[in-house]
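Q: Take a look at upload-v7.txt, compact mmCIF, C-alpha atoms:
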# COMPACT_ATOMS: atom_id res chain seq x y z
CA MET A 173 58.54 55.15 192.26
CA SER A 174 61.00 52.55 193.42
CA ASP A 175 63.82 51.41 191.16
CA ALA A 176 62.97 48.31 189.19
CA VAL A 177 65.45 45.45 189.53
CA SER A 178 65.56 42.21 187.62
CA ALA A 179 65.26 38.87 189.40
CA LEU A 180 68.99 38.17 189.69
CA GLN A 181 70.28 41.67 188.96
CA GLY A 182 72.49 40.68 186.07
CA LYS A 183 74.21 37.76 187.80
CA VAL A 184 76.93 36.13 185.69
CA ALA A 185 78.51 32.68 185.98
CA PRO A 186 81.48 32.73 183.60
CA GLY A 187 82.86 29.54 182.12
CA GLU A 188 83.23 27.66 178.89
CA VAL A 189 79.51 28.24 178.60
CA THR A 190 78.61 31.48 180.34
CA ILE A 191 75.26 31.82 182.07
CA ARG A 192 74.18 35.43 182.36
CA GLU A 193 70.98 36.97 183.56
CA ALA A 194 69.91 39.56 181.01
CA GLY A 195 68.74 42.22 183.46
CA LEU A 196 65.54 44.14 182.92
CA ARG A 197 63.66 43.25 179.76
CA GLY A 198 60.31 44.50 178.58
CA MET A 199 57.84 41.71 177.81
CA ILE A 200 54.24 41.89 176.74
CA ILE A 201 52.01 38.88 176.37
CA LEU A 202 49.58 39.43 173.53
CA ARG A 203 46.76 37.02 172.85
CA GLY A 204 44.46 37.36 169.91
CA ASP A 205 44.02 36.40 166.29
CA LEU A 206 47.61 36.27 165.02
CA SER A 207 46.43 36.52 161.42
CA ASP A 208 44.71 39.84 162.12
CA LYS A 209 46.31 42.63 160.07
CA LYS A 210 46.03 45.27 162.79
CA LEU A 211 47.67 42.97 165.34
CA ARG A 212 50.51 42.06 163.00
CA LYS A 213 51.06 45.70 162.10
CA VAL A 214 51.31 46.93 165.69
CA CYS A 215 53.65 44.06 166.63
CA THR A 216 55.96 44.85 163.75
CA SER A 217 55.91 48.60 164.35
CA LEU A 218 56.86 48.09 168.03
CA THR A 219 59.69 45.64 167.45
CA GLY A 220 60.76 46.02 163.84
CA ALA A 221 60.37 42.26 163.55
CA LYS A 222 58.10 40.33 161.21
CA MET A 223 55.40 38.17 162.81
CA PRO A 224 57.05 34.78 163.42
CA ASP A 225 55.63 31.55 162.04
CA GLN A 226 54.74 28.62 164.28
CA GLY A 227 57.62 27.69 166.60
CA LYS A 228 59.82 30.64 165.61
CA ALA A 229 61.21 33.78 167.22
CA HIS A 230 62.38 36.92 165.45
CA CYS A 231 64.63 38.79 167.85
CA GLU A 232 67.22 41.50 167.38
CA GLY A 233 68.89 43.00 170.45
CA ASP A 234 66.27 43.90 173.06
CA LYS A 235 63.38 43.71 170.60
CA GLY A 236 61.59 40.82 169.06
CA LEU A 237 58.52 38.66 168.61
CA CYS A 238 58.19 35.07 169.79
CA TRP A 239 55.46 32.64 168.76
CA MET A 240 54.03 31.19 171.99
CA SER A 241 50.91 29.33 170.84
CA PRO A 242 48.39 29.55 167.99
CA ASP A 243 46.82 32.61 169.62
CA GLU A 244 49.66 34.08 171.63
CA VAL A 245 52.76 36.09 170.84
CA LEU A 246 55.42 37.46 173.18
CA VAL A 247 56.43 41.02 172.35
CA LEU A 248 59.93 41.93 173.52
CA VAL A 249 60.84 45.60 173.88
CA PRO A 250 63.39 47.52 175.96
CA TYR A 251 62.20 47.63 179.59
CA SER A 252 61.67 51.39 179.60
CA GLN A 253 59.37 51.16 176.56
CA ALA A 254 57.10 48.38 177.83
CA VAL A 255 54.41 50.65 179.28
CA ASP A 256 54.30 52.79 176.13
CA ALA A 257 54.27 49.71 173.93
CA LEU A 258 51.30 48.28 175.84
CA ALA A 259 49.43 51.57 175.41
CA LYS A 260 50.13 51.45 171.67
CA ILE A 261 48.81 47.88 171.45
CA ASP A 262 45.67 48.86 173.36
CA ALA A 263 45.17 51.85 171.07
CA ALA A 264 45.68 49.80 167.92
CA LEU A 265 43.50 46.85 168.88
CA GLY A 266 40.69 48.59 170.77
CA GLY A 267 37.33 47.04 169.92
CA THR A 268 38.77 43.72 168.75
CA HIS A 269 39.02 40.50 170.75
CA TYR A 270 42.49 40.49 172.29
CA LEU A 271 44.32 40.51 175.60
CA ALA A 272 47.63 42.26 176.28
CA GLU A 273 49.50 42.38 179.54
CA ASN A 274 52.86 43.80 180.58
CA VAL A 275 54.66 40.86 182.21
CA SER A 276 58.15 42.41 182.30
CA ASP A 277 58.41 42.15 186.08
CA ALA A 278 56.97 38.64 186.22
CA ARG A 279 59.69 37.04 184.13
CA ALA A 280 63.43 36.60 183.96
CA VAL A 281 65.65 36.23 180.92
CA ILE A 282 68.88 34.23 181.05
CA PHE A 283 71.52 34.00 178.33
CA VAL A 284 73.41 30.77 177.76
CA GLU A 285 76.48 31.54 175.66
CA GLY A 286 79.30 29.25 174.60
CA THR A 287 80.39 26.42 172.39
CA PHE A 288 78.20 23.72 173.89
CA ALA A 289 75.25 25.92 174.91
CA ARG A 290 73.04 23.52 172.96
CA GLU A 291 73.99 20.65 175.23
CA VAL A 292 73.58 22.69 178.39
CA ILE A 293 69.92 23.13 177.45
CA ALA A 294 69.47 19.64 175.99
CA LYS A 295 70.43 18.05 179.28
CA LEU A 296 67.60 19.86 181.04
CA ALA A 297 64.68 19.92 178.62
CA PRO A 298 62.60 17.13 177.05
CA ALA A 299 63.00 18.75 173.64
CA ASP A 300 64.71 17.61 170.46
CA LEU A 301 67.73 19.91 170.27
CA HIS A 302 69.61 18.11 167.52
CA PRO A 303 71.30 20.68 165.24
CA ASP A 304 69.17 19.41 162.35
CA SER A 305 65.88 19.98 164.16
CA PHE A 306 66.55 23.04 166.35
CA LYS A 307 68.24 25.92 164.59
CA PRO A 308 68.85 29.63 165.17
CA GLY A 309 65.47 31.37 165.18
CA ASP A 310 63.63 28.33 166.54
CA PHE A 311 61.57 28.81 169.69
CA ARG A 312 60.34 26.18 172.12
CA ARG A 313 58.17 26.30 175.22
CA THR A 314 58.86 23.39 177.50
CA ARG A 315 60.37 22.82 180.90
CA LEU A 316 63.90 23.08 182.32
CA GLY A 317 64.32 20.60 185.13
CA GLN A 318 61.18 21.14 187.15
CA VAL A 319 60.01 24.54 185.96
CA ALA A 320 58.29 25.89 182.89
CA ALA A 321 60.58 27.79 180.56
CA ALA A 322 60.87 28.89 176.97
CA PHE A 323 64.03 29.27 174.97
CA TRP A 324 65.17 30.16 171.52
CA MET A 325 68.43 30.20 169.63
CA ARG A 326 69.89 33.57 168.87
CA ASP A 327 72.82 32.10 166.97
CA ALA A 328 74.75 28.84 166.91
CA ASP A 329 76.32 29.44 170.35
CA THR A 330 73.69 31.51 172.12
CA PHE A 331 70.41 30.51 173.71
CA GLU A 332 68.05 32.88 175.43
CA VAL A 333 65.89 31.39 178.18
CA ILE A 334 62.73 32.90 179.64
CA CYS A 335 61.26 31.67 182.91
CA PHE A 336 59.06 32.96 185.67
CA ARG A 337 60.76 35.43 187.97
CA SER A 338 59.93 33.36 191.05
CA VAL A 339 62.02 30.45 189.72
CA ALA A 340 64.82 32.50 188.17
CA GLY A 341 67.28 31.43 190.88
CA TYR A 342 66.48 27.77 190.34
CA ALA A 343 66.74 28.05 186.54
CA PHE A 344 70.02 29.95 186.78
CA ASP A 345 71.59 27.42 189.17
CA LEU A 346 70.33 24.57 187.03
CA LEU A 347 71.95 26.04 183.91
CA VAL A 348 75.18 26.73 185.78
CA ALA A 349 75.30 23.14 187.04
CA SER A 350 74.62 21.81 183.55
CA ALA A 351 77.37 24.02 182.08
CA LYS A 352 79.83 23.10 184.82
CA ALA A 353 79.29 19.39 184.20
CA GLY A 354 80.70 19.95 180.73
CA ALA A 355 79.86 18.85 177.21
CA VAL A 356 78.49 15.39 176.55
CA GLY A 357 79.49 15.36 172.89
CA HIS A 358 76.14 13.89 171.96
CA PHE A 359 75.63 16.17 168.96
CA SER A 360 79.19 16.20 167.65
CA MET B 270 58.34 7.30 177.26
CA LEU B 271 55.21 8.43 175.49
CA ILE B 272 55.80 11.10 172.84
CA LEU B 273 52.80 12.81 171.27
CA HIS B 274 52.78 15.24 168.38
CA CYS B 275 50.89 18.37 169.42
CA PRO B 276 48.65 19.32 166.48
CA CYS B 277 48.31 22.87 167.86
CA CYS B 278 51.97 23.92 167.98
CA GLY B 279 53.56 21.21 165.87
CA VAL B 280 56.16 19.95 168.36
CA ASP B 281 56.75 16.39 169.48
CA ALA B 282 56.18 16.66 173.20
CA ASP B 283 57.07 13.95 175.65
CA GLU B 284 54.71 13.00 178.43
CA THR B 285 56.43 15.18 181.02
CA ASP B 286 55.47 18.18 178.86
CA LEU B 287 51.86 17.04 178.79
CA HIS B 288 48.96 16.63 181.16
CA ALA B 289 46.58 13.70 180.72
CA GLY B 290 42.92 14.67 180.52
CA GLY B 291 41.14 11.31 180.56
CA GLN B 292 38.87 9.75 178.00
CA ALA B 293 38.09 11.63 174.81
CA HIS B 294 34.74 12.09 173.03
CA LEU B 295 32.59 12.13 176.16
CA LYS B 296 29.06 13.30 175.57
CA ARG B 297 28.17 15.78 178.29
CA GLU B 298 24.86 15.13 180.03
CA GLY B 299 23.35 18.10 181.77
CA PRO B 300 20.00 19.25 183.15
CA GLY B 301 17.17 17.34 181.53
CA SER B 302 19.11 14.14 181.03
CA THR B 303 18.04 10.94 182.71
CA ASP B 304 19.75 9.79 185.88
CA ASP B 305 21.20 6.79 184.05
CA ASP B 306 22.73 8.93 181.30
CA PHE B 307 24.11 11.35 183.85
CA GLU B 308 25.62 8.53 185.88
CA ASP B 309 27.24 7.11 182.75
CA TYR B 310 28.69 10.50 181.89
CA LEU B 311 30.03 11.05 185.40
CA PHE B 312 31.42 7.65 186.27
CA MET B 313 31.50 5.15 183.43
CA ARG B 314 34.70 5.14 181.36
CA GLU B 315 36.27 2.92 178.77
CA ASN B 316 39.24 1.08 180.20
CA PRO B 317 40.59 -0.93 177.29
CA LYS B 318 43.72 -2.96 176.94
CA GLY B 319 44.43 -1.80 173.43
CA VAL B 320 43.10 1.04 171.31
CA HIS B 321 42.14 4.08 173.35
CA PHE B 322 41.24 7.71 172.68
CA GLU B 323 42.36 10.29 175.19
CA ARG B 324 42.46 14.00 175.86
CA TRP B 325 45.85 15.57 176.48
CA ARG B 326 46.91 19.09 177.27
CA HIS B 327 50.25 20.46 176.15
CA ALA B 328 50.69 21.97 179.61
CA TYR B 329 54.32 23.10 179.45
CA GLY B 330 54.06 24.08 175.80
CA CYS B 331 51.31 25.92 173.97
CA GLY B 332 48.74 25.12 176.67
CA LYS B 333 46.18 23.73 174.20
CA TRP B 334 44.10 20.57 174.44
CA PHE B 335 44.25 17.91 171.76
CA LEU B 336 43.16 14.30 171.33
CA ALA B 337 45.30 11.24 170.86
CA ALA B 338 44.66 7.70 169.66
CA ARG B 339 47.05 5.21 171.16
CA CYS B 340 47.37 1.65 172.36
CA THR B 341 47.38 1.30 176.13
CA ASN B 342 49.09 -2.06 175.83
CA THR B 343 52.09 -1.19 173.66
CA LEU B 344 52.12 2.63 174.02
CA GLU B 345 52.01 2.82 170.23
CA VAL B 346 50.58 6.15 169.10
CA PHE B 347 48.27 5.99 166.08
CA GLY B 348 47.90 9.72 165.77
CA THR B 349 46.84 12.98 167.35
CA TYR B 350 44.15 15.34 166.17
CA PRO B 351 42.46 18.60 167.19
CA ALA B 352 40.10 18.62 170.18
CA GLN B 353 37.36 20.23 168.09
CA THR B 354 36.05 16.90 166.79
CA LEU B 355 33.05 14.84 167.93
CA GLU B 356 34.50 11.50 166.92
CA PRO B 357 37.86 10.17 165.71
CA PRO B 358 38.62 11.37 162.16
CA GLN B 359 38.51 8.78 159.38
CA ASP B 360 42.26 8.91 158.64
CA ILE B 361 43.04 8.04 162.27
CA LYS B 362 40.50 5.19 162.20
CA ASP B 363 42.06 3.89 158.97
CA LYS B 364 45.52 3.91 160.54
CA ILE B 365 44.23 1.92 163.52
CA THR B 366 42.41 -0.56 161.28
CA ALA B 367 45.62 -1.15 159.35
CA LYS B 368 47.43 -2.13 162.55
CA ARG B 369 44.63 -3.53 164.71
CA PRO B 370 42.06 -5.14 162.38
CA GLY B 371 38.68 -5.57 164.01
CA TRP B 372 39.28 -3.03 166.77
CA SER B 373 36.47 -1.22 168.50
CA TRP B 374 36.17 1.34 171.26
CA GLY B 375 32.79 2.04 172.83
CA ASN B 376 30.49 2.79 169.90
CA VAL B 377 33.41 3.66 167.62
CA GLN B 378 34.85 1.16 165.19
Transcribe the structure of this file into structure tokens.
A:
Amino acid sequence: MSDAVSALQGKVAPGEVTIREAGLRGMIILRGDLSDKKLRKVCTSLTGAKMPDQGKAHCEGDKGLCWMSPDEVLVLVPYSQAVDALAKIDAALGGTHYLAENVSDARAVIFVEGTFAREVIAKLAPADLHPDSFKPGDFRRTRLGQVAAAFWMRDADTFEVICFRSVAGYAFDLLVASAKAGAVGHFS
Amino acid sequence: MLILHCPCCGVDADETDLHAGGQAHLKREGPGSTDDDFEDYLFMRENPKGVHFERWRHAYGCGKWFLAARCTNTLEVFGTYPAQTLEPPQDIKDKITAKRPGWSWGNVQ
């Protein structure tokens, strides 16, 4: 089997706000009834995270759960565990109405880290990123510039962005340009 | 800029996050319907200057469809509600009546 590589192979653009591609990450899209006990149990056992409420993400390190829509959750696991994790989901939910797919190689994850990371994102997305309305743990699917993306706040200075692999280069360059242009001071 | 509250995922999405889906509350006419009814369903649409009901899809967000009541003249949004309804809910109609007394839209008033 060939060696898997991430979209930008860990590219880093250092600066006051550093843009860094996260490298290989395991991601599973799981659609189904999010209130189903079996589904919640298998998600938690794979990630150690509680099922997030609407618009939230529970992430710790490489693992986590992100609320994508009323019937969809994104399961984050280390890349090497994605295939096993998918098999466990299939085993746990067999016979019920659900759909799970390993999308690890179809996506890219980019970290935005630094003091004005919030503004770097706010300049690019039509989302309300005021500190009072978007806080650590909040998750939002929207667009960055011209491409679909999702992001959530890990902590006050760190955002994690997910986009399609095919547009990872565009998203990365966009974030770098936004960071390079500096802080606007809109939220301070 | 039009900003609609998505009732499915609870975010206030602006129109670049959304995809317009045309008039809401269409009654589908299929096999067995008269030619006139079918023609109405295919081609005839409300085109008001004022209160309008539309379908929208939160395309860049949760991907779900929902319905919105808004004014095409002022872009004022009266409310959004789930797509699984056959006619505008009473609370939305009450809100419109409070702001646009005597309004009507097709057979709805």
Q: Using only C-alpha atoms, select each residue of chain A with any atom at most 9 Å away from an atom of chain B, and give the selection as a list in words.
A: Gln226, Gly227, Met240, Ser241, Pro242, Glu244, Pro298, Ala299, Asp300, Arg312, Arg313, Thr314, Arg315, Val319, Ala320, Ala321 and Ala322 of chain A
Q: Can you write out the residues you just picked, keeping C-alpha atoms, as a PDB file, in the frame of the given file?
A:
ATOM      1  CA  GLN A 226      54.740  28.620 164.280  1.00  0.00           C
ATOM      2  CA  GLY A 227      57.620  27.690 166.600  1.00  0.00           C
ATOM      3  CA  MET A 240      54.030  31.190 171.990  1.00  0.00           C
ATOM      4  CA  SER A 241      50.910  29.330 170.840  1.00  0.00           C
ATOM      5  CA  PRO A 242      48.390  29.550 167.990  1.00  0.00           C
ATOM      6  CA  GLU A 244      49.660  34.080 171.630  1.00  0.00           C
ATOM      7  CA  PRO A 298      62.600  17.130 177.050  1.00  0.00           C
ATOM      8  CA  ALA A 299      63.000  18.750 173.640  1.00  0.00           C
ATOM      9  CA  ASP A 300      64.710  17.610 170.460  1.00  0.00           C
ATOM     10  CA  ARG A 312      60.340  26.180 172.120  1.00  0.00           C
ATOM     11  CA  ARG A 313      58.170  26.300 175.220  1.00  0.00           C
ATOM     12  CA  THR A 314      58.860  23.390 177.500  1.00  0.00           C
ATOM     13  CA  ARG A 315      60.370  22.820 180.900  1.00  0.00           C
ATOM     14  CA  VAL A 319      60.010  24.540 185.960  1.00  0.00           C
ATOM     15  CA  ALA A 320      58.290  25.890 182.890  1.00  0.00           C
ATOM     16  CA  ALA A 321      60.580  27.790 180.560  1.00  0.00           C
ATOM     17  CA  ALA A 322      60.870  28.890 176.970  1.00  0.00           C
TER      18      ALA A 322
END
Q: Do you know which residues are at most 9 Å from A:Thr330 counting only C-alpha atoms, after dropping those on the same chain fewer than 5 positions away, and could you put them as a short mmCIF file (atom, residue, chain, number, x, y, z; two decimals) with C-alpha atoms, in the frame of the given file?
A:
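The resulting around_19.cif:
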data_model
loop_
_atom_site.label_atom_id
_atom_site.label_comp_id
_atom_site.auth_asym_id
_atom_site.auth_seq_id
_atom_site.Cartn_x
_atom_site.Cartn_y
_atom_site.Cartn_z
CA PHE A 283 71.52 34.00 178.33
CA VAL A 284 73.41 30.77 177.76
CA GLU A 285 76.48 31.54 175.66
CA GLY A 286 79.30 29.25 174.60
CA THR A 287 80.39 26.42 172.39
CA ALA A 289 75.25 25.92 174.91
CA ARG A 290 73.04 23.52 172.96
CA PRO A 308 68.85 29.63 165.17
CA TRP A 324 65.17 30.16 171.52
CA MET A 325 68.43 30.20 169.63
#
Q: Using Å and a single decimal, report how far atom CA of A:Arg337 sits from atom CA of A:Ala259.
A: 23.4 Å
Q: Using only C-alpha atoms, give me every residue within 12 Å of (61.1, 39.0, 186.5) in file coordinates, as a ChimeraX atom specification.
A: /A:176-182,193-199,251,274-282,334-341
Q: Could you tell me how far atom CA of A:Gln318 sits from atom CA of A:Ala343, in Å to one decimal place?
A: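 It comes out at 8.9 Å.
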Q: Using only C-alpha atoms, can you list as a CSV table (one decimal) with C-alpha atoms, in the frame of the given file the residues within 10 Å of (64.7, 46.1, 171.3)?
A:
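The file below, part_31.csv, is the result:
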chain,number,residue,atom,x,y,z
A,197,ARG,CA,63.7,43.2,179.8
A,198,GLY,CA,60.3,44.5,178.6
A,218,LEU,CA,56.9,48.1,168.0
A,219,THR,CA,59.7,45.6,167.4
A,220,GLY,CA,60.8,46.0,163.8
A,221,ALA,CA,60.4,42.3,163.6
A,231,CYS,CA,64.6,38.8,167.8
A,232,GLU,CA,67.2,41.5,167.4
A,233,GLY,CA,68.9,43.0,170.4
A,234,ASP,CA,66.3,43.9,173.1
A,235,LYS,CA,63.4,43.7,170.6
A,236,GLY,CA,61.6,40.8,169.1
A,247,VAL,CA,56.4,41.0,172.4
A,248,LEU,CA,59.9,41.9,173.5
A,249,VAL,CA,60.8,45.6,173.9
A,250,PRO,CA,63.4,47.5,176.0
A,251,TYR,CA,62.2,47.6,179.6
A,253,GLN,CA,59.4,51.2,176.6
Q: Using all atoms listed in the file, which of the listed residues (B:Thr366, B:Asn316, B:Thr354, B:Asn342) sits closest to B:His294?
A: B:Thr354
Q: Compile the contact shell of B:Met313 as a VMD selection string: residues with an atom at most 12 Å away, counting only C-alpha atoms, same-chain residues fewer than 2 positions apart removed.
A: chain B and resid 291 to 292 295 to 296 305 to 311 315 to 316 375
Q: Find the distance between atom CA of A:Pro303 and atom CA of A:Gly357 and write it in Å to one decimal.
A: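 Value for the atom CA of A:Pro303-atom CA of A:Gly357 distance: 12.4 Å.
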Q: Find the spatial neighbours of B:Arg324, counting all atoms listed in the file, within a cut-off of 10 Å - ignore same-chain residues fewer than 6 positions away - and output them as a list in words.
A: His288, Ala289, Gly290, Gly291, Gln292, Ala293, His294, Trp334, Phe335, Leu336, Ala337, Ala338, Thr349, Tyr350, Pro351 and Ala352 of chain B
Q: Listed atoms of stretch 272-287 of chain A, axis-aligned box, 8 Å per side: centre and edge lengths to one decimal in Å, as JSON?
A:
{"center_x": 64.0, "center_y": 35.1, "center_z": 179.3, "size_x": 48.8, "size_y": 33.4, "size_z": 29.8}
Q: Could you pull the residues within 10 Å of B:Val346, counting only C-alpha atoms, minus those fewer than 3 positions along the same chain, as a list in words?
A: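 Those residues are Leu271, Ile272, Leu273, His274, Val320, His321, Ala337, Ala338, Arg339, Cys340, Thr341, Thr343, Thr349 and Ile365 of chain B.
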Q: Nearest to B:Pro358: which of B:Pro317, B:Phe322, B:Glu345, B:Ser302 is it, counting all atoms listed in the file?
A: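 Using all atoms listed in the file, B:Pro358 sits closest to B:Phe322.
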Q: Missing atoms in stretch 228-244 of chain A: can you complete it with N, CA, C and O atoms, as a short mmCIF file (atom, residue, chain, number, x, y, z; two decimals), keeping the file's coordinate frame?
A:
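Below is the file part32.cif, written as the result:
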data_model
loop_
_atom_site.label_atom_id
_atom_site.label_comp_id
_atom_site.auth_asym_id
_atom_site.auth_seq_id
_atom_site.Cartn_x
_atom_site.Cartn_y
_atom_site.Cartn_z
N LYS A 228 58.67 29.79 165.95
CA LYS A 228 59.82 30.64 165.61
C LYS A 228 59.87 31.88 166.49
O LYS A 228 58.87 32.28 167.08
N ALA A 229 61.04 32.50 166.53
CA ALA A 229 61.21 33.78 167.22
C ALA A 229 62.03 34.69 166.31
O ALA A 229 63.00 34.24 165.71
N HIS A 230 61.60 35.92 166.19
CA HIS A 230 62.38 36.92 165.45
C HIS A 230 62.86 37.96 166.46
O HIS A 230 62.07 38.79 166.90
N CYS A 231 64.12 37.88 166.84
CA CYS A 231 64.63 38.79 167.85
C CYS A 231 65.91 39.45 167.38
O CYS A 231 66.76 38.83 166.76
N GLU A 232 66.02 40.72 167.71
CA GLU A 232 67.22 41.50 167.38
C GLU A 232 67.48 42.40 168.57
O GLU A 232 66.65 43.24 168.89
N GLY A 233 68.60 42.20 169.26
CA GLY A 233 68.89 43.00 170.45
C GLY A 233 67.81 42.80 171.51
O GLY A 233 67.44 41.68 171.83
N ASP A 234 67.29 43.93 172.01
CA ASP A 234 66.27 43.90 173.06
C ASP A 234 64.86 43.66 172.51
O ASP A 234 63.92 43.50 173.27
N LYS A 235 64.72 43.74 171.19
CA LYS A 235 63.38 43.71 170.60
C LYS A 235 63.14 42.40 169.88
O LYS A 235 64.07 41.76 169.39
N GLY A 236 61.88 42.03 169.82
CA GLY A 236 61.59 40.82 169.06
C GLY A 236 60.18 40.32 169.28
O GLY A 236 59.43 40.85 170.11
N LEU A 237 59.82 39.31 168.50
CA LEU A 237 58.52 38.66 168.61
C LEU A 237 58.75 37.16 168.71
O LEU A 237 59.54 36.60 167.96
N CYS A 238 58.07 36.51 169.64
CA CYS A 238 58.19 35.07 169.79
C CYS A 238 56.80 34.43 169.69
O CYS A 238 55.86 34.90 170.33
N TRP A 239 56.72 33.36 168.93
CA TRP A 239 55.46 32.64 168.76
C TRP A 239 55.26 31.71 169.96
O TRP A 239 56.03 30.80 170.18
N MET A 240 54.24 31.96 170.76
CA MET A 240 54.03 31.19 171.99
C MET A 240 53.01 30.07 171.82
O MET A 240 53.14 29.00 172.41
N SER A 241 51.94 30.33 171.08
CA SER A 241 50.91 29.33 170.84
C SER A 241 50.08 29.87 169.67
O SER A 241 50.31 30.99 169.22
N PRO A 242 49.11 29.08 169.18
CA PRO A 242 48.39 29.55 167.99
C PRO A 242 47.68 30.90 168.17
O PRO A 242 47.32 31.54 167.19
N ASP A 243 47.49 31.33 169.42
CA ASP A 243 46.82 32.61 169.62
C ASP A 243 47.60 33.52 170.57
O ASP A 243 47.02 34.37 171.23
N GLU A 244 48.89 33.31 170.66
CA GLU A 244 49.66 34.08 171.63
C GLU A 244 51.04 34.42 171.09
O GLU A 244 51.72 33.56 170.53
#
